[in-house]
Amino acid sequence: MVSYLEFEKPVAELETRIAELRSAAEGDEVDITNELQRLELKSADLLASTYSALTPWQKTQVARHPSRPHFRDYVEYAFEEFVPLGGDRAYGEDEAIMGGFAKLNGRKIVLIGHEKGNDTASRIRHNFGMGKPEGYRKAIRLMELAGRFNLPVVTLVDTSGAFPGVEAEERGQAEAIARSTEACLALPVPMVASIVGEGGSGGAVALASAERVLMLEHAVYSVISPEGCASILWRTAEKAPDAAEAMKVTAQNLKELGVIDRIVAEPVGGAHRDPRAAAHSLAEAIGEELDKLSIHSAEELKRMREERFLQIAG
């Protein structure tokens, strides 16, 4: 069952009417095929027009949709032979950040990403995708393995930010994020990062400091959440839509600014309406980028990352 967002109410009303007509027509001799086709076409057109003109705040809502595909969904639909690896070999396991060996269209890779969970129990277990120091240190360990075995690194970023709890700070959250960012920049192998939902603050940058950064069409990427920004600037989270507009959080804004390199189209109505199609589109884009990067030496890859981020800063 589709969960509708506030701005999707007209679409929801049409689709509810279509469902009611179908139900009422069962066993009825009256042919309503033409009427159903007309309403379905109208619903599809309305959905397409709605999603072609989303505001930054509406895109933020889509990026946070509870049914949006997460790391495990992409593993199921887009990658093969995933072998998860756990623990940072120092403190423990963090299920907000997952990773391991995998294959993408037959190519061996190291896959790392945030997992938010898809129901109450799994969201609590995965800490809503908010990584702790041990999660980022696990990511560093996996990147080092990738360098050792000459395997490209693919990351799937989807987090509102790193976990802000006292225990995380006690275990060196800032240092772990900085080290993870450093590990990305120092990789001797190709790295492609993809923002698949929310890309929030340093918790996202720690897995996204790659030479190629992709972003799904309705994903968002920012230094702070719109609510957090609004609370600082206007002392109220109600100004979040204004903050989202000013912060340029959308893929389209960030492509224009040079922060990301490529936008990956989503199914009409967002990735949550067809997770399998969204995963296949992303896998194809990642494969194309890895093909382009495979011809470069380790030193060239490092230089590409350095120049990329210096250009953003400049």
# chains A, B, ... in the order shown; residues from 1 in each chain; ligands from 1
$ residues_around --residues "stretch 98-105 of chain A" --least-positions-apart "2" --cutoff "7 Å" --atoms "only C-alpha atoms" --output "list in words"
Phe79, Glu80, Glu81, Phe82, Val83, Pro84, Leu85, Glu95, Ala96, Arg107, Lys108, Ile109, Val110, Leu111, Ile112, Gly113, His114 and Glu115 of chain A
$ write_last_selection --atoms "N, CA, C and O atoms" --output "mmCIF file, in the first residue's frame"
data_model
loop_
_atom_site.group_PDB
_atom_site.id
_atom_site.type_symbol
_atom_site.label_atom_id
_atom_site.label_comp_id
_atom_site.auth_asym_id
_atom_site.auth_seq_id
_atom_site.Cartn_x
_atom_site.Cartn_y
_atom_site.Cartn_z
ATOM 1 N N PHE A 79 22.765 -5.646 -6.552
ATOM 2 C CA PHE A 79 24.085 -6.247 -6.358
ATOM 3 C C PHE A 79 23.947 -7.751 -6.167
ATOM 4 O O PHE A 79 22.891 -8.258 -5.798
ATOM 5 N N GLU A 80 25.044 -8.453 -6.408
ATOM 6 C CA GLU A 80 25.027 -9.911 -6.253
ATOM 7 C C GLU A 80 26.092 -10.344 -5.238
ATOM 8 O O GLU A 80 27.078 -9.641 -5.030
ATOM 9 N N GLU A 81 25.841 -11.498 -4.661
ATOM 10 C CA GLU A 81 26.807 -12.180 -3.785
ATOM 11 C C GLU A 81 27.346 -11.260 -2.680
ATOM 12 O O GLU A 81 28.555 -11.233 -2.413
ATOM 13 N N PHE A 82 26.465 -10.515 -2.040
ATOM 14 C CA PHE A 82 26.899 -9.623 -0.962
ATOM 15 C C PHE A 82 27.322 -10.434 0.258
ATOM 16 O O PHE A 82 26.583 -11.282 0.748
ATOM 17 N N VAL A 83 28.550 -10.177 0.723
ATOM 18 C CA VAL A 83 29.077 -10.839 1.919
ATOM 19 C C VAL A 83 29.328 -9.760 2.974
ATOM 20 O O VAL A 83 30.307 -9.011 2.889
ATOM 21 N N PRO A 84 28.436 -9.625 3.968
ATOM 22 C CA PRO A 84 28.604 -8.556 4.957
ATOM 23 C C PRO A 84 29.791 -8.801 5.882
ATOM 24 O O PRO A 84 30.083 -9.947 6.246
ATOM 25 N N LEU A 85 30.469 -7.732 6.233
ATOM 26 C CA LEU A 85 31.565 -7.783 7.192
ATOM 27 C C LEU A 85 31.225 -6.834 8.340
ATOM 28 O O LEU A 85 30.788 -5.711 8.106
ATOM 29 N N GLU A 95 25.238 -1.185 13.321
ATOM 30 C CA GLU A 95 24.355 -1.625 12.236
ATOM 31 C C GLU A 95 23.780 -0.468 11.435
ATOM 32 O O GLU A 95 23.044 -0.693 10.469
ATOM 33 N N ALA A 96 24.080 0.768 11.799
ATOM 34 C CA ALA A 96 23.635 1.910 10.990
ATOM 35 C C ALA A 96 24.447 2.007 9.708
ATOM 36 O O ALA A 96 23.962 2.506 8.688
ATOM 37 N N ARG A 107 31.259 -7.440 -11.591
ATOM 38 C CA ARG A 107 32.468 -6.746 -11.141
ATOM 39 C C ARG A 107 32.558 -6.840 -9.610
ATOM 40 O O ARG A 107 31.617 -6.486 -8.897
ATOM 41 N N LYS A 108 33.698 -7.281 -9.098
ATOM 42 C CA LYS A 108 33.891 -7.370 -7.651
ATOM 43 C C LYS A 108 34.134 -5.975 -7.076
ATOM 44 O O LYS A 108 34.937 -5.203 -7.607
ATOM 45 N N ILE A 109 33.410 -5.658 -5.994
ATOM 46 C CA ILE A 109 33.528 -4.341 -5.366
ATOM 47 C C ILE A 109 33.468 -4.486 -3.846
ATOM 48 O O ILE A 109 33.140 -5.550 -3.317
ATOM 49 N N VAL A 110 33.786 -3.392 -3.167
ATOM 50 C CA VAL A 110 33.483 -3.274 -1.743
ATOM 51 C C VAL A 110 32.326 -2.285 -1.637
ATOM 52 O O VAL A 110 32.403 -1.159 -2.160
ATOM 53 N N LEU A 111 31.245 -2.704 -0.999
ATOM 54 C CA LEU A 111 30.017 -1.911 -0.896
ATOM 55 C C LEU A 111 29.808 -1.468 0.545
ATOM 56 O O LEU A 111 29.838 -2.289 1.471
ATOM 57 N N ILE A 112 29.601 -0.168 0.748
ATOM 58 C CA ILE A 112 29.398 0.397 2.089
ATOM 59 C C ILE A 112 28.215 1.355 2.033
ATOM 60 O O ILE A 112 28.049 2.071 1.033
ATOM 61 N N GLY A 113 27.402 1.385 3.070
ATOM 62 C CA GLY A 113 26.292 2.338 3.055
ATOM 63 C C GLY A 113 25.533 2.400 4.360
ATOM 64 O O GLY A 113 25.720 1.575 5.265
ATOM 65 N N HIS A 114 24.667 3.402 4.447
ATOM 66 C CA HIS A 114 23.802 3.577 5.615
ATOM 67 C C HIS A 114 22.529 2.751 5.446
ATOM 68 O O HIS A 114 21.983 2.677 4.352
ATOM 69 N N GLU A 115 22.064 2.164 6.519
ATOM 70 C CA GLU A 115 20.792 1.441 6.530
ATOM 71 C C GLU A 115 19.880 2.059 7.589
ATOM 72 O O GLU A 115 20.243 2.102 8.767
#
$ select_by_dssp --residues "stretch 9-185 of chain A" --states "strand (DSSP E)" --output "list in words"
Glu80, Glu81, Phe82, Val83, Pro84, Ile97, Met98, Gly99, Gly100, Phe101, Ala102, Lys103, Leu104, Arg107, Lys108, Ile109, Val110, Leu111, Ile112, Gly113, His114, Val153, Val154, Thr155, Leu156, Val157, Asp158 and Thr159 of chain A
$ residues_around --residues "A:Ser49" --least-positions-apart "6" --cutoff "10 Å" --atoms "only C-alpha atoms" --output "JSON, numbers by chain"
{"A": [43, 268, 269]}
$ residues_around --residues "stretch 243-255 of chain A" --least-positions-apart "3" --cutoff "7 Å" --atoms "only C-alpha atoms" --output "PyMOL selection string"
chain A and resi 56-57+215+217-222+226+229-230+239-240+258-263
$ write_last_selection --atoms "N, CA, C and O atoms" --output "PDB file, in the first residue's frame"
ATOM      1  N   PRO A  56      12.044  22.292  -2.947  1.00  0.00           N
ATOM      2  CA  PRO A  56      13.099  21.634  -2.160  1.00  0.00           C
ATOM      3  C   PRO A  56      12.566  20.952  -0.898  1.00  0.00           C
ATOM      4  O   PRO A  56      13.034  19.866  -0.536  1.00  0.00           O
ATOM      5  N   TRP A  57      11.583  21.554  -0.249  1.00  0.00           N
ATOM      6  CA  TRP A  57      11.029  20.942   0.962  1.00  0.00           C
ATOM      7  C   TRP A  57      10.252  19.671   0.628  1.00  0.00           C
ATOM      8  O   TRP A  57      10.332  18.673   1.347  1.00  0.00           O
ATOM      9  N   MET A 215      23.659  11.209  -7.486  1.00  0.00           N
ATOM     10  CA  MET A 215      22.558  11.556  -6.593  1.00  0.00           C
ATOM     11  C   MET A 215      21.244  11.182  -7.269  1.00  0.00           C
ATOM     12  O   MET A 215      21.018  11.519  -8.433  1.00  0.00           O
ATOM     13  N   GLU A 217      17.376  11.461  -8.206  1.00  0.00           N
ATOM     14  CA  GLU A 217      16.640  12.651  -8.628  1.00  0.00           C
ATOM     15  C   GLU A 217      15.958  13.392  -7.482  1.00  0.00           C
ATOM     16  O   GLU A 217      15.921  14.622  -7.453  1.00  0.00           O
ATOM     17  N   HIS A 218      15.387  12.652  -6.533  1.00  0.00           N
ATOM     18  CA  HIS A 218      14.652  13.288  -5.434  1.00  0.00           C
ATOM     19  C   HIS A 218      15.350  13.138  -4.083  1.00  0.00           C
ATOM     20  O   HIS A 218      14.716  13.251  -3.028  1.00  0.00           O
ATOM     21  N   ALA A 219      16.658  12.894  -4.109  1.00  0.00           N
ATOM     22  CA  ALA A 219      17.449  12.861  -2.878  1.00  0.00           C
ATOM     23  C   ALA A 219      17.829  14.291  -2.485  1.00  0.00           C
ATOM     24  O   ALA A 219      17.679  15.225  -3.282  1.00  0.00           O
ATOM     25  N   VAL A 220      18.315  14.461  -1.252  1.00  0.00           N
ATOM     26  CA  VAL A 220      18.782  15.774  -0.786  1.00  0.00           C
ATOM     27  C   VAL A 220      20.133  15.611  -0.110  1.00  0.00           C
ATOM     28  O   VAL A 220      20.452  14.546   0.406  1.00  0.00           O
ATOM     29  N   TYR A 221      20.920  16.689  -0.117  1.00  0.00           N
ATOM     30  CA  TYR A 221      22.296  16.639   0.400  1.00  0.00           C
ATOM     31  C   TYR A 221      22.598  18.010   0.991  1.00  0.00           C
ATOM     32  O   TYR A 221      22.523  19.019   0.281  1.00  0.00           O
ATOM     33  N   SER A 222      22.928  18.055   2.277  1.00  0.00           N
ATOM     34  CA  SER A 222      23.121  19.362   2.912  1.00  0.00           C
ATOM     35  C   SER A 222      23.988  19.245   4.161  1.00  0.00           C
ATOM     36  O   SER A 222      24.177  18.159   4.710  1.00  0.00           O
ATOM     37  N   PRO A 226      17.023  20.904   7.053  1.00  0.00           N
ATOM     38  CA  PRO A 226      16.269  22.157   6.964  1.00  0.00           C
ATOM     39  C   PRO A 226      15.679  22.583   8.306  1.00  0.00           C
ATOM     40  O   PRO A 226      15.674  23.776   8.644  1.00  0.00           O
ATOM     41  N   CYS A 229      18.543  24.011  10.433  1.00  0.00           N
ATOM     42  CA  CYS A 229      18.910  25.336   9.940  1.00  0.00           C
ATOM     43  C   CYS A 229      17.874  26.373  10.366  1.00  0.00           C
ATOM     44  O   CYS A 229      18.221  27.467  10.834  1.00  0.00           O
ATOM     45  N   ALA A 230      16.577  26.032  10.213  1.00  0.00           N
ATOM     46  CA  ALA A 230      15.505  26.960  10.574  1.00  0.00           C
ATOM     47  C   ALA A 230      15.516  27.264  12.070  1.00  0.00           C
ATOM     48  O   ALA A 230      15.267  28.403  12.489  1.00  0.00           O
ATOM     49  N   LYS A 239       9.980  27.082   9.822  1.00  0.00           N
ATOM     50  CA  LYS A 239      10.579  27.757   8.669  1.00  0.00           C
ATOM     51  C   LYS A 239      11.421  26.791   7.828  1.00  0.00           C
ATOM     52  O   LYS A 239      12.166  27.214   6.944  1.00  0.00           O
ATOM     53  N   ALA A 240      11.301  25.486   8.084  1.00  0.00           N
ATOM     54  CA  ALA A 240      12.092  24.493   7.359  1.00  0.00           C
ATOM     55  C   ALA A 240      11.930  24.591   5.835  1.00  0.00           C
ATOM     56  O   ALA A 240      12.922  24.469   5.107  1.00  0.00           O
ATOM     57  N   GLY A 258      28.149  22.134  -8.897  1.00  0.00           N
ATOM     58  CA  GLY A 258      29.336  21.309  -9.048  1.00  0.00           C
ATOM     59  C   GLY A 258      29.655  20.444  -7.840  1.00  0.00           C
ATOM     60  O   GLY A 258      30.732  19.845  -7.761  1.00  0.00           O
ATOM     61  N   VAL A 259      28.706  20.335  -6.902  1.00  0.00           N
ATOM     62  CA  VAL A 259      28.928  19.513  -5.706  1.00  0.00           C
ATOM     63  C   VAL A 259      28.763  18.032  -6.036  1.00  0.00           C
ATOM     64  O   VAL A 259      29.446  17.179  -5.470  1.00  0.00           O
ATOM     65  N   ILE A 260      27.842  17.719  -6.956  1.00  0.00           N
ATOM     66  CA  ILE A 260      27.675  16.335  -7.413  1.00  0.00           C
ATOM     67  C   ILE A 260      27.959  16.301  -8.913  1.00  0.00           C
ATOM     68  O   ILE A 260      28.011  17.339  -9.579  1.00  0.00           O
ATOM     69  N   ASP A 261      28.130  15.084  -9.446  1.00  0.00           N
ATOM     70  CA  ASP A 261      28.525  14.937 -10.847  1.00  0.00           C
ATOM     71  C   ASP A 261      27.410  14.465 -11.758  1.00  0.00           C
ATOM     72  O   ASP A 261      27.427  14.737 -12.951  1.00  0.00           O
ATOM     73  N   ARG A 262      26.443  13.745 -11.200  1.00  0.00           N
ATOM     74  CA  ARG A 262      25.430  13.126 -12.065  1.00  0.00           C
ATOM     75  C   ARG A 262      24.143  12.894 -11.295  1.00  0.00           C
ATOM     76  O   ARG A 262      24.165  12.503 -10.125  1.00  0.00           O
ATOM     77  N   ILE A 263      23.009  13.155 -11.952  1.00  0.00           N
ATOM     78  CA  ILE A 263      21.691  12.888 -11.371  1.00  0.00           C
ATOM     79  C   ILE A 263      21.135  11.622 -12.003  1.00  0.00           C
ATOM     80  O   ILE A 263      21.127  11.483 -13.231  1.00  0.00           O
TER      81      ILE A 263
END
$ closest_residue --among "A:Ala24, A:Ala265, A:Ile18, A:Ala78" --to "A:Ser52" --atoms "only C-alpha atoms"
A:Ala265
$ closest_residue --among "A:Trp234, A:Phe7, A:Phe309, A:Phe71" --to "A:Gly117" --atoms "only C-alpha atoms"
A:Phe71
$ closest_residue --among "A:Glu175, A:Glu198, A:Glu169, A:Glu289" --to "A:Leu214" --atoms "only C-alpha atoms"
A:Glu289
$ closest_residue --among "A:Arg171, A:Arg179, A:Arg64, A:Arg125" --to "A:Arg141" --atoms "only C-alpha atoms"
A:Arg179
$ closest_residue --among "A:Asp45, A:Glu211, A:Glu40, A:Glu266" --to "A:Ala298" --atoms "only C-alpha atoms"
A:Glu211
$ select_by_dssp --residues "stretch 37-237 of chain A" --states "alpha helix (DSSP H)" --output "MDAnalysis selection string"
chainID A and resid 37:51 56:63 71:78 120:125 133:148 166:170 173:186 201:205 226:233
$ residues_around --residues "A:Arg276" --least-positions-apart "2" --cutoff "9 Å" --atoms "only C-alpha atoms" --output "JSON, numbers by chain"
{"A": [69, 73, 74, 76, 77, 78, 271, 274, 278, 279, 280, 281]}
$ atom_distance --atom1 "atom CA of A:Val196" --atom2 "atom CA of A:Ala139"
17.7 Å
$ residues_around --residues "A:Ser180" --least-positions-apart "4" --cutoff "9 Å" --atoms "only C-alpha atoms" --output "PyMOL selection string"
chain A and resi 136-137+139-140+143+175-176+184-185+205-207
$ atom_distance --atom1 "atom CA of A:His272" --atom2 "atom CA of A:Gly135"
26.1 Å
$ closest_residue --among "A:Pro241, A:Pro152, A:Gly131, A:Pro66" --to "A:Leu290" --atoms "only C-alpha atoms"
A:Pro152
$ residues_around --residues "A:Pro190" --least-positions-apart "4" --cutoff "10 Å" --atoms "only C-alpha atoms" --output "list in words"
Ile109, Ala146, Gly147, Asn150, Leu151, Pro152, Val153, Val154, Cys184, Ala210, Glu211, Arg212, Glu289, Leu290, Asp291, Lys292, Leu293, Ser294, Ile295, His296, Ser297, Ala298, Glu300, Leu301 and Lys302 of chain A
$ write_last_selection --atoms "C-alpha atoms" --output "PDB file, in the first residue's frame"
ATOM      1  CA  ILE A 109      33.528  -4.341  -5.366  1.00  0.00           C
ATOM      2  CA  ALA A 146      39.494  -2.529  -0.886  1.00  0.00           C
ATOM      3  CA  GLY A 147      42.879  -0.890  -1.423  1.00  0.00           C
ATOM      4  CA  ASN A 150      42.460  -3.622  -5.599  1.00  0.00           C
ATOM      5  CA  LEU A 151      38.651  -3.517  -5.489  1.00  0.00           C
ATOM      6  CA  PRO A 152      36.634  -0.374  -6.342  1.00  0.00           C
ATOM      7  CA  VAL A 153      34.527   1.132  -3.551  1.00  0.00           C
ATOM      8  CA  VAL A 154      30.829   1.949  -3.930  1.00  0.00           C
ATOM      9  CA  CYS A 184      38.057   8.098   1.073  1.00  0.00           C
ATOM     10  CA  ALA A 210      34.728  10.246  -3.871  1.00  0.00           C
ATOM     11  CA  GLU A 211      35.964  11.297  -7.291  1.00  0.00           C
ATOM     12  CA  ARG A 212      32.444  10.691  -8.651  1.00  0.00           C
ATOM     13  CA  GLU A 289      31.179   5.522 -13.812  1.00  0.00           C
ATOM     14  CA  LEU A 290      33.367   2.626 -12.657  1.00  0.00           C
ATOM     15  CA  ASP A 291      34.114   1.792 -16.282  1.00  0.00           C
ATOM     16  CA  LYS A 292      35.337   5.361 -16.862  1.00  0.00           C
ATOM     17  CA  LEU A 293      37.446   5.382 -13.680  1.00  0.00           C
ATOM     18  CA  SER A 294      39.046   1.975 -14.219  1.00  0.00           C
ATOM     19  CA  ILE A 295      41.567   3.378 -16.717  1.00  0.00           C
ATOM     20  CA  HIS A 296      43.131   5.738 -14.149  1.00  0.00           C
ATOM     21  CA  SER A 297      46.125   4.981 -11.926  1.00  0.00           C
ATOM     22  CA  ALA A 298      46.034   5.307  -8.131  1.00  0.00           C
ATOM     23  CA  GLU A 300      45.441   9.989 -10.905  1.00  0.00           C
ATOM     24  CA  LEU A 301      42.427   8.963  -8.826  1.00  0.00           C
ATOM     25  CA  LYS A 302      43.776  10.725  -5.745  1.00  0.00           C
TER      26      LYS A 302
END
